[in-house]
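J.: File name protein_18.cif; file contents mmCIF, C-alpha atoms; full text below.
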```cif
data_start
loop_
_atom_site.label_atom_id
_atom_site.label_comp_id
_atom_site.auth_asym_id
_atom_site.auth_seq_id
_atom_site.Cartn_x
_atom_site.Cartn_y
_atom_site.Cartn_z
CA MET A 9 -4.95 -4.63 -7.26
CA ASN A 10 -3.92 -6.88 -10.11
CA LEU A 11 -3.68 -5.56 -13.66
CA GLU A 12 -3.74 -7.21 -17.05
CA ARG A 13 -3.48 -5.17 -20.22
CA ARG A 14 -4.57 -6.30 -23.65
CA ARG A 15 -4.52 -3.64 -26.36
CA ASP A 16 -6.96 -0.95 -25.29
CA THR A 17 -8.49 -3.02 -22.50
CA VAL A 18 -7.34 -3.33 -18.93
CA LEU A 19 -8.57 -6.04 -16.61
CA VAL A 20 -8.40 -5.00 -12.98
CA ARG A 21 -8.77 -7.56 -10.24
CA LEU A 22 -10.01 -5.88 -7.07
CA SER A 23 -9.89 -7.46 -3.66
CA GLY A 24 -11.16 -6.86 -0.17
CA GLU A 25 -13.98 -4.51 0.67
CA MET A 26 -15.18 -1.41 -1.10
CA ASP A 27 -16.70 0.93 1.45
CA HIS A 28 -16.19 4.57 2.38
CA TYR A 29 -12.94 3.75 4.16
CA SER A 30 -11.33 1.94 1.24
CA ALA A 31 -12.97 3.93 -1.58
CA GLY A 32 -10.39 6.71 -1.64
CA GLY A 33 -7.47 4.35 -2.13
CA ILE A 34 -9.22 2.29 -4.78
CA ARG A 35 -10.25 5.44 -6.63
CA ARG A 36 -6.68 6.73 -6.68
CA GLU A 37 -5.30 3.44 -7.96
CA LEU A 38 -7.91 3.17 -10.71
CA ASP A 39 -7.35 6.80 -11.72
CA ASP A 40 -3.63 6.09 -11.96
CA VAL A 41 -4.40 3.30 -14.40
CA LEU A 42 -6.77 5.49 -16.38
CA ARG A 43 -4.12 8.19 -16.80
CA ASP A 44 -3.13 6.19 -19.84
CA VAL A 45 -5.65 7.60 -22.28
CA THR A 46 -5.16 4.76 -24.73
CA ILE A 47 -7.20 2.60 -22.38
CA ARG A 48 -10.71 2.40 -23.76
CA LYS A 49 -12.18 -0.40 -21.73
CA MET A 50 -11.85 -1.28 -18.07
CA ILE A 51 -13.09 -4.58 -16.76
CA LEU A 52 -13.39 -4.95 -13.00
CA ASP A 53 -13.01 -8.53 -11.84
CA MET A 54 -14.74 -8.61 -8.46
CA ARG A 55 -14.16 -12.25 -7.56
CA ASP A 56 -12.02 -11.31 -4.55
CA MET A 57 -14.24 -8.41 -3.48
CA THR A 58 -16.01 -9.61 -0.37
CA PHE A 59 -18.20 -6.59 0.34
CA MET A 60 -19.42 -3.41 -1.32
CA ASP A 61 -21.78 -0.69 -0.16
CA SER A 62 -22.98 2.46 -1.91
CA SER A 63 -19.54 4.08 -1.53
CA GLY A 64 -18.37 1.51 -4.06
CA ILE A 65 -21.09 2.65 -6.45
CA GLY A 66 -19.63 6.14 -6.32
CA VAL A 67 -16.18 4.82 -7.20
CA ILE A 68 -17.40 2.70 -10.10
CA LEU A 69 -19.61 5.45 -11.51
CA GLY A 70 -16.81 8.00 -11.30
CA ARG A 71 -14.48 5.77 -13.27
CA TYR A 72 -17.25 5.04 -15.76
CA ARG A 73 -17.59 8.79 -16.37
CA ILE A 74 -13.90 9.12 -17.10
CA LEU A 75 -14.05 6.29 -19.61
CA HIS A 76 -17.30 7.53 -21.11
CA GLN A 77 -15.68 10.90 -21.78
CA ARG A 78 -13.18 9.17 -24.07
CA GLN A 79 -15.89 7.03 -25.69
CA GLY A 80 -14.73 4.12 -23.58
CA LYS A 81 -16.57 1.35 -21.76
CA MET A 82 -16.68 -0.35 -18.44
CA ALA A 83 -17.62 -3.87 -17.41
CA VAL A 84 -17.75 -5.85 -14.20
CA MET A 85 -17.57 -9.54 -13.57
CA ASN A 86 -17.67 -12.20 -10.87
CA MET A 87 -19.68 -10.25 -8.32
CA ASN A 88 -20.75 -12.18 -5.24
CA PRO A 89 -24.47 -12.00 -4.30
CA GLN A 90 -24.03 -9.14 -1.83
CA VAL A 91 -22.01 -7.01 -4.24
CA GLU A 92 -24.38 -7.80 -7.10
CA LYS A 93 -27.43 -6.79 -5.08
CA VAL A 94 -25.95 -3.36 -4.36
CA PHE A 95 -24.79 -3.00 -7.98
CA ASN A 96 -28.26 -3.80 -9.33
CA LEU A 97 -29.97 -1.42 -6.92
CA SER A 98 -27.93 1.43 -8.33
CA GLY A 99 -29.18 0.87 -11.87
CA MET A 100 -25.62 0.74 -13.15
CA SER A 101 -26.36 -2.47 -15.02
CA LYS A 102 -27.98 -0.25 -17.65
CA ILE A 103 -24.70 1.43 -18.49
CA ILE A 104 -22.07 -0.98 -17.26
CA GLU A 105 -21.88 -4.43 -18.77
CA THR A 106 -21.90 -7.47 -16.55
CA MET A 107 -19.71 -10.14 -18.11
CA MET B 1 -42.12 -6.02 22.58
CA GLN B 2 -39.89 -8.03 24.83
CA SER B 3 -36.19 -8.01 24.22
CA ARG B 4 -34.72 -11.47 24.24
CA ASN B 5 -31.28 -9.96 23.82
CA GLN B 6 -29.76 -6.56 23.22
CA MET B 7 -26.40 -4.95 22.60
CA THR B 8 -24.95 -1.44 22.46
CA LEU B 9 -21.85 -0.50 20.51
CA GLU B 10 -20.20 2.88 20.85
CA PHE B 11 -17.19 3.97 18.80
CA LEU B 12 -15.41 6.98 17.36
CA SER B 13 -16.70 8.19 13.97
CA LEU B 14 -13.56 7.06 12.14
CA PRO B 15 -13.83 5.39 8.71
CA GLU B 16 -11.63 2.55 9.94
CA ASN B 17 -14.48 1.58 12.26
CA GLU B 18 -17.04 1.06 9.49
CA SER B 19 -16.03 -2.51 8.79
CA PHE B 20 -15.86 -3.51 12.45
CA ALA B 21 -19.27 -1.99 13.21
CA ARG B 22 -21.14 -3.74 10.41
CA VAL B 23 -19.50 -7.06 11.22
CA ALA B 24 -20.26 -6.71 14.93
CA VAL B 25 -23.95 -5.98 14.37
CA SER B 26 -24.39 -8.80 11.89
CA ALA B 27 -22.49 -11.14 14.22
CA PHE B 28 -25.01 -10.30 16.92
CA ALA B 29 -27.82 -11.41 14.58
CA VAL B 30 -26.27 -14.86 14.05
CA GLN B 31 -27.89 -16.26 17.18
CA LEU B 32 -31.27 -16.06 15.43
CA ASP B 33 -29.95 -18.31 12.67
CA PRO B 34 -30.42 -16.00 9.69
CA THR B 35 -29.73 -16.97 6.09
CA LEU B 36 -26.51 -15.63 4.58
CA ASP B 37 -28.55 -13.24 2.44
CA ILE B 38 -30.27 -11.75 5.47
CA LEU B 39 -26.94 -11.40 7.25
CA ALA B 40 -25.49 -9.62 4.21
CA ASP B 41 -28.51 -7.31 4.06
CA ILE B 42 -28.06 -6.29 7.69
CA LYS B 43 -24.32 -5.81 7.24
CA THR B 44 -24.85 -3.56 4.21
CA ALA B 45 -27.61 -1.46 5.77
CA VAL B 46 -25.57 -0.88 8.93
CA SER B 47 -22.59 0.08 6.79
CA GLU B 48 -24.69 2.76 5.10
CA ALA B 49 -26.05 4.19 8.34
CA VAL B 50 -22.63 4.25 9.99
CA THR B 51 -21.06 5.86 6.93
CA ASN B 52 -23.73 8.56 6.97
CA ALA B 53 -23.01 9.30 10.62
CA ILE B 54 -19.29 9.59 9.91
CA VAL B 55 -19.41 11.45 6.58
CA HIS B 56 -22.45 13.67 7.11
CA GLY B 57 -23.26 13.69 10.80
CA TYR B 58 -19.79 14.57 11.94
CA GLY B 59 -18.06 15.55 8.69
CA ASP B 60 -14.60 16.83 9.54
CA ARG B 61 -15.20 16.48 13.25
CA VAL B 62 -14.92 13.30 15.25
CA GLY B 63 -17.67 12.20 17.59
CA MET B 64 -19.23 9.05 18.92
CA VAL B 65 -21.50 6.77 16.94
CA VAL B 66 -23.82 4.62 19.01
CA ILE B 67 -25.50 1.51 17.69
CA ARG B 68 -28.19 -0.08 19.81
CA THR B 69 -29.74 -3.33 18.70
CA ALA B 70 -32.34 -5.67 20.11
CA LEU B 71 -33.59 -9.11 19.19
CA ASP B 72 -37.04 -10.10 20.27
CA GLU B 73 -38.79 -13.40 20.87
CA THR B 74 -40.46 -13.38 17.46
CA GLY B 75 -37.22 -13.17 15.48
CA LEU B 76 -37.31 -9.45 14.81
CA MET B 77 -34.08 -7.43 14.90
CA ARG B 78 -34.22 -3.73 15.59
CA ILE B 79 -31.24 -1.43 15.09
CA ALA B 80 -30.74 2.23 15.95
CA VAL B 81 -27.70 4.10 14.65
CA GLU B 82 -27.21 7.41 16.39
CA ASP B 83 -24.84 10.32 16.05
CA ARG B 84 -24.76 13.66 17.83
CA GLY B 85 -23.64 15.49 14.71
CA LYS B 86 -25.13 18.25 12.65
CA GLY B 87 -28.52 16.71 11.94
CA ILE B 88 -30.61 16.69 8.77
CA GLU B 89 -32.50 19.76 7.60
CA ASP B 90 -34.91 18.02 5.24
CA ILE B 91 -35.29 14.31 5.94
CA ASP B 92 -37.53 13.59 2.95
CA GLN B 93 -35.03 15.18 0.62
CA ALA B 94 -32.12 13.34 2.23
CA MET B 95 -33.90 10.03 1.68
CA GLN B 96 -34.53 10.63 -2.01
CA PRO B 97 -32.58 8.20 -4.17
CA PHE B 98 -29.41 9.76 -5.57
CA PHE B 99 -29.73 12.93 -3.48
CA THR B 100 -26.39 13.85 -1.93
CA THR B 101 -24.89 16.96 -0.39
CA GLN B 102 -21.45 15.82 -1.60
CA PRO B 103 -21.59 15.08 -5.34
CA GLU B 104 -18.06 16.48 -5.74
CA LYS B 105 -16.80 13.67 -3.54
CA GLU B 106 -18.45 11.10 -5.80
CA ARG B 107 -20.96 10.09 -3.18
CA SER B 108 -23.76 8.24 -4.89
CA GLY B 109 -26.63 9.39 -2.68
CA MET B 110 -27.84 5.80 -2.41
CA GLY B 111 -27.30 5.16 1.29
CA PHE B 112 -30.94 5.47 2.33
CA SER B 113 -32.15 3.59 -0.75
CA VAL B 114 -29.93 0.69 0.23
CA MET B 115 -31.19 0.77 3.82
CA GLN B 116 -34.82 0.88 2.71
CA THR B 117 -34.38 -1.94 0.21
CA PHE B 118 -32.34 -4.24 2.43
CA MET B 119 -34.26 -3.72 5.67
CA ASP B 120 -37.99 -4.15 6.32
CA ASP B 121 -38.46 -0.67 7.75
CA VAL B 122 -36.40 2.51 8.10
CA ARG B 123 -37.28 5.56 10.12
CA VAL B 124 -35.20 8.70 10.68
CA GLU B 125 -35.31 11.15 13.56
CA SER B 126 -33.18 14.22 13.09
CA ALA B 127 -33.06 17.99 13.35
CA PRO B 128 -30.34 20.56 12.62
CA GLY B 129 -27.95 20.71 15.56
CA LYS B 130 -29.69 17.83 17.29
CA GLY B 131 -28.00 14.82 15.75
CA THR B 132 -29.61 11.90 13.95
CA VAL B 133 -31.03 8.50 14.78
CA VAL B 134 -31.72 5.99 12.03
CA TYR B 135 -34.05 3.20 13.14
CA MET B 136 -34.12 0.02 11.08
CA GLU B 137 -35.68 -3.35 11.54
CA LYS B 138 -35.59 -6.68 9.83
CA ARG B 139 -37.41 -9.90 10.45
CA ILE B 140 -34.78 -12.57 10.70
CA ARG B 141 -37.09 -15.50 11.15
CA GLN B 142 -40.76 -16.18 11.50
CA ASP B 143 -41.80 -17.17 14.96
CA ARG B 144 -42.95 -20.77 14.83
CA HIS B 145 -45.48 -22.13 17.30
CA GLU B 146 -45.15 -25.77 18.22
#
```
Write the structure described by the file as structure tokens, please.

T.:
Amino acid sequence: MNLERRRDTVLVRLSGEMDHYSAGGIRRELDDVLRDVTIRKMILDMRDMTFMDSSGIGVILGRYRILHQRQGKMAVMNMNPQVEKVFNLSGMSKIIETM
Amino acid sequence: MQSRNQMTLEFLSLPENESFARVAVSAFAVQLDPTLDILADIKTAVSEAVTNAIVHGYGDRVGMVVIRTALDETGLMRIAVEDRGKGIEDIDQAMQPFFTTQPEKERSGMGFSVMQTFMDDVRVESAPGKGTVVYMEKRIRQDRHE
């Protein structure tokens, strides 16, 4: 996990696969980042994410809720076709910006 | 329907096996020359079914997950993912989009929706205490007559 901070925005570069097995670890790392309540926007750069199933949706939605509670926002970018198909099926594109 | 080829995979219901299982099943489909999209669809659907067996079928226990798959002469792939876990009380409810018995664990309840969207057909056989079998099929190519 690669982090870049710019004012109240953090850019997180995820890598590998996001499935049930890896979800717990990714969730913990993202929650660690979000402990800093001055972060108002989280952008997930998925260019190195090779696979995601619905477990990944749970992780993204959970982090979105945390941000939403502090009037924050979430965005994703650089999804590969497989990841994007799962993301779109979930309807998250209505609440999470695709950059 | 004649099987041109078939394969059975049996493994412990450990999360670390999810990746291997979905890759193995999609690798088996390669011989029918699928597009990358179709391969990704199969991989994702199998990942959902296997995850369900591990998370819901067996829960805190560990058991065996069995995946049987067959390819027929017409280019159809059939997959059955079976566990001998706790079984599903209400299959219709379980298959509703966003329904989950574990919201506190941030499970999205989208597993069956993904399977139904990515595969051509999904059928579930299950009963409490009797385990679960998820049958899925996908047409990988159209049979061409010369």

J.: Counting all atoms listed in the file, find residues at most 8 Å from (-35.6, -2.7, 16.9) (file frame) and give them as a compact mmCIF listing (two decimals) with C-alpha atoms, in the frame of the given file.

T.:
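Below you can see result.txt, which holds the result:
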```
# COMPACT_ATOMS: atom_id res chain seq x y z
CA THR B 69 -29.74 -3.33 18.70
CA ALA B 70 -32.34 -5.67 20.11
CA LEU B 71 -33.59 -9.11 19.19
CA LEU B 76 -37.31 -9.45 14.81
CA MET B 77 -34.08 -7.43 14.90
CA ARG B 78 -34.22 -3.73 15.59
CA ILE B 79 -31.24 -1.43 15.09
CA ALA B 80 -30.74 2.23 15.95
CA TYR B 135 -34.05 3.20 13.14
CA MET B 136 -34.12 0.02 11.08
CA GLU B 137 -35.68 -3.35 11.54
```

J.: Which residues, named as in the file, does the PyMOL selection byres ((chain A) within 9 of (chain B)) pick out? Answer as a PyMOL selection string.

T.: chain A and resi 25+27-30+59-67+69-70+89-90+94+97-98

J.: Have a look at CA of Ala94 (chain B) and CA of Val25 (chain B) and let me know their distance in Å, one decimal.

T.: 24.2 Å

J.: Using the chain letters and numbers from this file, what does the PyMOL selection byres ((chain A and resi 78) around 10) select? Give the answer as a PyMOL selection string.

T.: chain A and resi 45-49+73-77+79-81

J.: Please expand the PyMOL selection byres ((chain A and resi 82) around 7) into the concrete residues it hits in this file, giving the result as a PyMOL selection string.

T.: chain A and resi 49-51+72+81+83+104-105

J.: Write the residues of the preceding selection, restricted to C-alpha atoms, as a PDB file, in the frame of the given file.

T.:
```pdb
ATOM      1  CA  LYS A  49     -12.180  -0.400 -21.730  1.00  0.00           C
ATOM      2  CA  MET A  50     -11.850  -1.280 -18.070  1.00  0.00           C
ATOM      3  CA  ILE A  51     -13.090  -4.580 -16.760  1.00  0.00           C
ATOM      4  CA  TYR A  72     -17.250   5.040 -15.760  1.00  0.00           C
ATOM      5  CA  LYS A  81     -16.570   1.350 -21.760  1.00  0.00           C
ATOM      6  CA  ALA A  83     -17.620  -3.870 -17.410  1.00  0.00           C
ATOM      7  CA  ILE A 104     -22.070  -0.980 -17.260  1.00  0.00           C
ATOM      8  CA  GLU A 105     -21.880  -4.430 -18.770  1.00  0.00           C
TER       9      GLU A 105
END
```
